[in-house]
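For reference, the structure is listed below as structure tokens.
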Amino acid sequence: MEALELLRSREVKKLSKEAASVAYALLYPEFVYYHSERVLFWAVKIADDWKLEKSVVEVAAWLHDVGYAIDPDDHRRAGAEAVKRRLEEIGADEDVVSHVYDAIRNHGSKDAPRTPYGELMRFADGLGVIDPQLLGFYLPVVDEDEVKGFGKLVEKKLKVVEEYLGRVGKELREEIEERLKKTMEMLQPM
């Protein structure tokens with residue numbers, strides 16, 4: 001099954017909805033949804049810039065955090081394994097499975113992706129956490145302790161973003177830098 005067919009597949013949508021519904025019950029439901037939406041937003045832009053298959057990136061972006069529904073302590077491994085099994089069951093192309101697996105398994109700050117898709121997802125996940133639109137939703141609804149914990153996460157993700165910033169074209173880099181400036185303004189009170 002080609003990547004585009006896979007993206008349109010009812011199976012991927014069903015898997016995403018089932019896992020997301022459990023993950024949403026465990027975490028702030030809106031945060032998980034908006035974070036995934038922001039990861040998708042950035043992942044598609046980066047895929048265009050890096051000339052990667054957008055449909056593969058879209059599948060990985062929507063499913064990158066489904067592992068929270070399986071094992072919140074190791075959501076990247078759990079999610080990657082579950083998605084890999086399901087993609088293999090529905091006959092997804094071997095390359096698609098490999099790229100999606102790497103993207104989900106290695107999207108964290110400390111991870112070491114093996115493919116450009118894994119690197120893209122690591123970059124997009126960082127951008128998805130520090131995106132001003134997400135922060136505008138999240139910061140007003142959490143208590144002071146959660147804001148401090150989130151501040152540590154933002155610091156980690158900023159390092160990841162800085163690591164990849166030089167690998168995108170000028171136009172996208174300027175857009176990211178403008179968003180980072182807004183993010184830093186929002187975080188000043190922290």
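Simple scheme: letters A, B, ... for chains in structure tokens order, numbers from 1 for residues in each chain, numbers from 1 for ligands in the order shown.
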Write out, as a tab-separated table, each residue of region 100-147 of chain A that has an atom at most 10 Å from region 69-85 of chain A, together with the closest pair of atoms and their distance in Å to one decimal, counting only C-alpha atoms, rows going by chain and rising number.
```
residue	atom	partner	partner_atom	distance
A:Val100	CA	A:Lys84	CA	7.7
A:Tyr101	CA	A:Ala80	CA	5.1
A:Asp102	CA	A:Ala80	CA	7.5
A:Ala103	CA	A:Ala80	CA	8.2
A:Ile104	CA	A:Ala80	CA	5.2
A:Arg105	CA	A:Arg76	CA	4.7
A:Asn106	CA	A:Arg76	CA	6.9
A:His107	CA	A:Arg76	CA	7.3
A:Gly108	CA	A:Arg76	CA	7.6
A:Asp111	CA	A:Arg76	CA	9.7
```
Which parts of region 57-122 of chain A does DSSP call alpha helix (DSSP H) when run on the backbone here, written out as a PDB file with N, CA and C atoms, in the first residue's frame?
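part_11.pdb was written with the following content:
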```pdb
ATOM      1  N   VAL A  57       4.815  11.769   6.112  1.00  0.00           N
ATOM      2  CA  VAL A  57       4.986  12.716   7.215  1.00  0.00           C
ATOM      3  C   VAL A  57       3.648  12.973   7.921  1.00  0.00           C
ATOM      4  N   GLU A  58       2.582  13.080   7.142  1.00  0.00           N
ATOM      5  CA  GLU A  58       1.271  13.326   7.746  1.00  0.00           C
ATOM      6  C   GLU A  58       0.837  12.163   8.627  1.00  0.00           C
ATOM      7  N   VAL A  59       1.043  10.943   8.155  1.00  0.00           N
ATOM      8  CA  VAL A  59       0.701   9.768   8.971  1.00  0.00           C
ATOM      9  C   VAL A  59       1.503   9.800  10.277  1.00  0.00           C
ATOM     10  N   ALA A  60       2.802  10.007  10.167  1.00  0.00           N
ATOM     11  CA  ALA A  60       3.660  10.021  11.357  1.00  0.00           C
ATOM     12  C   ALA A  60       3.288  11.159  12.303  1.00  0.00           C
ATOM     13  N   ALA A  61       2.982  12.327  11.758  1.00  0.00           N
ATOM     14  CA  ALA A  61       2.655  13.477  12.609  1.00  0.00           C
ATOM     15  C   ALA A  61       1.380  13.229  13.421  1.00  0.00           C
ATOM     16  N   TRP A  62       0.344  12.722  12.774  1.00  0.00           N
ATOM     17  CA  TRP A  62      -0.897  12.473  13.502  1.00  0.00           C
ATOM     18  C   TRP A  62      -0.751  11.366  14.533  1.00  0.00           C
ATOM     19  N   LEU A  63       0.117  10.393  14.264  1.00  0.00           N
ATOM     20  CA  LEU A  63       0.223   9.232  15.154  1.00  0.00           C
ATOM     21  C   LEU A  63       1.419   9.279  16.097  1.00  0.00           C
ATOM     22  N   HIS A  75       6.272   6.251  25.612  1.00  0.00           N
ATOM     23  CA  HIS A  75       5.273   6.387  24.555  1.00  0.00           C
ATOM     24  C   HIS A  75       5.866   6.301  23.153  1.00  0.00           C
ATOM     25  N   ARG A  76       7.121   6.712  22.975  1.00  0.00           N
ATOM     26  CA  ARG A  76       7.717   6.673  21.631  1.00  0.00           C
ATOM     27  C   ARG A  76       7.903   5.220  21.168  1.00  0.00           C
ATOM     28  N   ARG A  77       8.473   4.384  22.016  1.00  0.00           N
ATOM     29  CA  ARG A  77       8.667   2.976  21.659  1.00  0.00           C
ATOM     30  C   ARG A  77       7.325   2.275  21.487  1.00  0.00           C
ATOM     31  N   ALA A  78       6.438   2.450  22.464  1.00  0.00           N
ATOM     32  CA  ALA A  78       5.138   1.767  22.418  1.00  0.00           C
ATOM     33  C   ALA A  78       4.330   2.190  21.191  1.00  0.00           C
ATOM     34  N   GLY A  79       4.325   3.468  20.905  1.00  0.00           N
ATOM     35  CA  GLY A  79       3.579   3.959  19.745  1.00  0.00           C
ATOM     36  C   GLY A  79       4.167   3.466  18.437  1.00  0.00           C
ATOM     37  N   ALA A  80       5.491   3.518  18.336  1.00  0.00           N
ATOM     38  CA  ALA A  80       6.154   3.072  17.106  1.00  0.00           C
ATOM     39  C   ALA A  80       5.878   1.594  16.842  1.00  0.00           C
ATOM     40  N   GLU A  81       5.966   0.770  17.875  1.00  0.00           N
ATOM     41  CA  GLU A  81       5.713  -0.666  17.711  1.00  0.00           C
ATOM     42  C   GLU A  81       4.259  -0.930  17.318  1.00  0.00           C
ATOM     43  N   ALA A  82       3.320  -0.265  17.978  1.00  0.00           N
ATOM     44  CA  ALA A  82       1.895  -0.478  17.686  1.00  0.00           C
ATOM     45  C   ALA A  82       1.550  -0.029  16.271  1.00  0.00           C
ATOM     46  N   VAL A  83       2.039   1.126  15.882  1.00  0.00           N
ATOM     47  CA  VAL A  83       1.745   1.639  14.539  1.00  0.00           C
ATOM     48  C   VAL A  83       2.407   0.749  13.486  1.00  0.00           C
ATOM     49  N   LYS A  84       3.624   0.310  13.743  1.00  0.00           N
ATOM     50  CA  LYS A  84       4.318  -0.576  12.798  1.00  0.00           C
ATOM     51  C   LYS A  84       3.518  -1.861  12.570  1.00  0.00           C
ATOM     52  N   ARG A  85       3.082  -2.480  13.667  1.00  0.00           N
ATOM     53  CA  ARG A  85       2.301  -3.717  13.548  1.00  0.00           C
ATOM     54  C   ARG A  85       1.040  -3.491  12.714  1.00  0.00           C
ATOM     55  N   ARG A  86       0.356  -2.398  13.023  1.00  0.00           N
ATOM     56  CA  ARG A  86      -0.903  -2.127  12.327  1.00  0.00           C
ATOM     57  C   ARG A  86      -0.662  -1.818  10.849  1.00  0.00           C
ATOM     58  N   LEU A  87       0.362  -1.051  10.544  1.00  0.00           N
ATOM     59  CA  LEU A  87       0.660  -0.733   9.149  1.00  0.00           C
ATOM     60  C   LEU A  87       1.029  -1.997   8.376  1.00  0.00           C
ATOM     61  N   GLU A  88       1.778  -2.888   9.011  1.00  0.00           N
ATOM     62  CA  GLU A  88       2.125  -4.154   8.362  1.00  0.00           C
ATOM     63  C   GLU A  88       0.874  -4.999   8.129  1.00  0.00           C
ATOM     64  N   GLU A  89      -0.035  -5.009   9.108  1.00  0.00           N
ATOM     65  CA  GLU A  89      -1.276  -5.780   8.972  1.00  0.00           C
ATOM     66  C   GLU A  89      -2.117  -5.302   7.794  1.00  0.00           C
ATOM     67  N   GLU A  94       6.803  -1.393   2.672  1.00  0.00           N
ATOM     68  CA  GLU A  94       7.879  -1.576   3.655  1.00  0.00           C
ATOM     69  C   GLU A  94       8.626  -0.267   3.959  1.00  0.00           C
ATOM     70  N   ASP A  95       8.897   0.528   2.923  1.00  0.00           N
ATOM     71  CA  ASP A  95       9.583   1.808   3.145  1.00  0.00           C
ATOM     72  C   ASP A  95       8.730   2.767   3.972  1.00  0.00           C
ATOM     73  N   VAL A  96       7.441   2.784   3.701  1.00  0.00           N
ATOM     74  CA  VAL A  96       6.525   3.643   4.465  1.00  0.00           C
ATOM     75  C   VAL A  96       6.544   3.228   5.930  1.00  0.00           C
ATOM     76  N   VAL A  97       6.441   1.928   6.179  1.00  0.00           N
ATOM     77  CA  VAL A  97       6.453   1.417   7.555  1.00  0.00           C
ATOM     78  C   VAL A  97       7.754   1.820   8.244  1.00  0.00           C
ATOM     79  N   SER A  98       8.872   1.652   7.564  1.00  0.00           N
ATOM     80  CA  SER A  98      10.174   1.984   8.133  1.00  0.00           C
ATOM     81  C   SER A  98      10.290   3.475   8.460  1.00  0.00           C
ATOM     82  N   HIS A  99       9.846   4.324   7.545  1.00  0.00           N
ATOM     83  CA  HIS A  99       9.926   5.772   7.762  1.00  0.00           C
ATOM     84  C   HIS A  99       9.006   6.219   8.901  1.00  0.00           C
ATOM     85  N   VAL A 100       7.788   5.709   8.913  1.00  0.00           N
ATOM     86  CA  VAL A 100       6.840   6.082   9.969  1.00  0.00           C
ATOM     87  C   VAL A 100       7.346   5.578  11.320  1.00  0.00           C
ATOM     88  N   TYR A 101       7.877   4.360  11.343  1.00  0.00           N
ATOM     89  CA  TYR A 101       8.427   3.799  12.587  1.00  0.00           C
ATOM     90  C   TYR A 101       9.531   4.708  13.140  1.00  0.00           C
ATOM     91  N   ASP A 102      10.484   5.063  12.301  1.00  0.00           N
ATOM     92  CA  ASP A 102      11.594   5.904  12.751  1.00  0.00           C
ATOM     93  C   ASP A 102      11.087   7.264  13.225  1.00  0.00           C
ATOM     94  N   ALA A 103      10.133   7.825  12.507  1.00  0.00           N
ATOM     95  CA  ALA A 103       9.605   9.134  12.875  1.00  0.00           C
ATOM     96  C   ALA A 103       8.933   9.105  14.242  1.00  0.00           C
ATOM     97  N   ILE A 104       8.166   8.072  14.509  1.00  0.00           N
ATOM     98  CA  ILE A 104       7.479   7.978  15.804  1.00  0.00           C
ATOM     99  C   ILE A 104       8.457   7.575  16.903  1.00  0.00           C
ATOM    100  N   ARG A 105       9.303   6.611  16.640  1.00  0.00           N
ATOM    101  CA  ARG A 105      10.223   6.088  17.660  1.00  0.00           C
ATOM    102  C   ARG A 105      11.245   7.131  18.115  1.00  0.00           C
ATOM    103  N   PRO A 116      15.788  10.618   7.367  1.00  0.00           N
ATOM    104  CA  PRO A 116      15.340  12.015   7.292  1.00  0.00           C
ATOM    105  C   PRO A 116      13.931  12.201   7.870  1.00  0.00           C
ATOM    106  N   TYR A 117      13.091  11.170   7.792  1.00  0.00           N
ATOM    107  CA  TYR A 117      11.737  11.269   8.351  1.00  0.00           C
ATOM    108  C   TYR A 117      11.783  11.338   9.880  1.00  0.00           C
ATOM    109  N   GLY A 118      12.683  10.582  10.475  1.00  0.00           N
ATOM    110  CA  GLY A 118      12.852  10.652  11.925  1.00  0.00           C
ATOM    111  C   GLY A 118      13.390  12.001  12.354  1.00  0.00           C
ATOM    112  N   GLU A 119      14.351  12.522  11.596  1.00  0.00           N
ATOM    113  CA  GLU A 119      14.891  13.851  11.901  1.00  0.00           C
ATOM    114  C   GLU A 119      13.821  14.914  11.748  1.00  0.00           C
ATOM    115  N   LEU A 120      13.040  14.803  10.682  1.00  0.00           N
ATOM    116  CA  LEU A 120      11.959  15.766  10.473  1.00  0.00           C
ATOM    117  C   LEU A 120      10.985  15.749  11.644  1.00  0.00           C
ATOM    118  N   MET A 121      10.596  14.562  12.105  1.00  0.00           N
ATOM    119  CA  MET A 121       9.609  14.478  13.185  1.00  0.00           C
ATOM    120  C   MET A 121      10.189  15.000  14.492  1.00  0.00           C
ATOM    121  N   ARG A 122      11.457  14.769  14.724  1.00  0.00           N
ATOM    122  CA  ARG A 122      12.104  15.307  15.924  1.00  0.00           C
ATOM    123  C   ARG A 122      12.070  16.838  15.901  1.00  0.00           C
TER     124      ARG A 122
END
```
Polymer residues at most 9 Å from region 137-146 of chain A, only C-alpha atoms, same-chain spacing of 3 or more positions, as an NGL selection string: :A and (30-31 or 34 or 132-134 or 149-151 or 186)
Selected residue, from A:Gly166, A:Pro113, A:Gly126, A:Gly91, that lies nearest to His35 (chain A) when counting only C-alpha atoms: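 Of A:Gly166, A:Pro113, A:Gly126, A:Gly91, the one nearest His35 (chain A) is A:Gly126, counting only C-alpha atoms.
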d(CA of Gly67 (chain A), CA of Leu135 (chain A)) in Å: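 Separating CA of Gly67 (chain A) from CA of Leu135 (chain A) is a distance of 22.6 Å.
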All residues 9 Å or closer to Trp50 (chain A), only C-alpha atoms, same chain fewer than 2 positions away omitted, as a PyMOL selection string: chain A and resi 45-48+52+116+120+167-169
Using only C-alpha atoms: which of A:Val56, A:Val160, A:Met184, A:Leu165 has the shortest distance to Asp125 (chain A):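 Checking each of A:Val56, A:Val160, A:Met184, A:Leu165 against Asp125 (chain A), counting only C-alpha atoms, the winner is A:Val160.
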Atom pair CA of Arg114 (chain A) / CA of Lys170 (chain A): separation (Å):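 Computing the Euclidean distance for CA of Arg114 (chain A) and CA of Lys170 (chain A) yields 25.1 Å.
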Residue with smallest distance to Arg38 (chain A) - pool A:Lys148, A:Glu177, A:Lys156, A:Ala124, counting only C-alpha atoms: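 Among A:Lys148, A:Glu177, A:Lys156, A:Ala124, it is A:Ala124 that comes nearest to Arg38 (chain A).
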Point-to-point distance in Å for CA of Thr183 (chain A) and CA of Val44 (chain A): 20.6 Å
Proximity to Lys181 (chain A) - best of A:Ile130, A:Leu40, A:Lys54, A:Thr115, only C-alpha atoms: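 Selected residue with least distance to Lys181 (chain A): A:Ile130.
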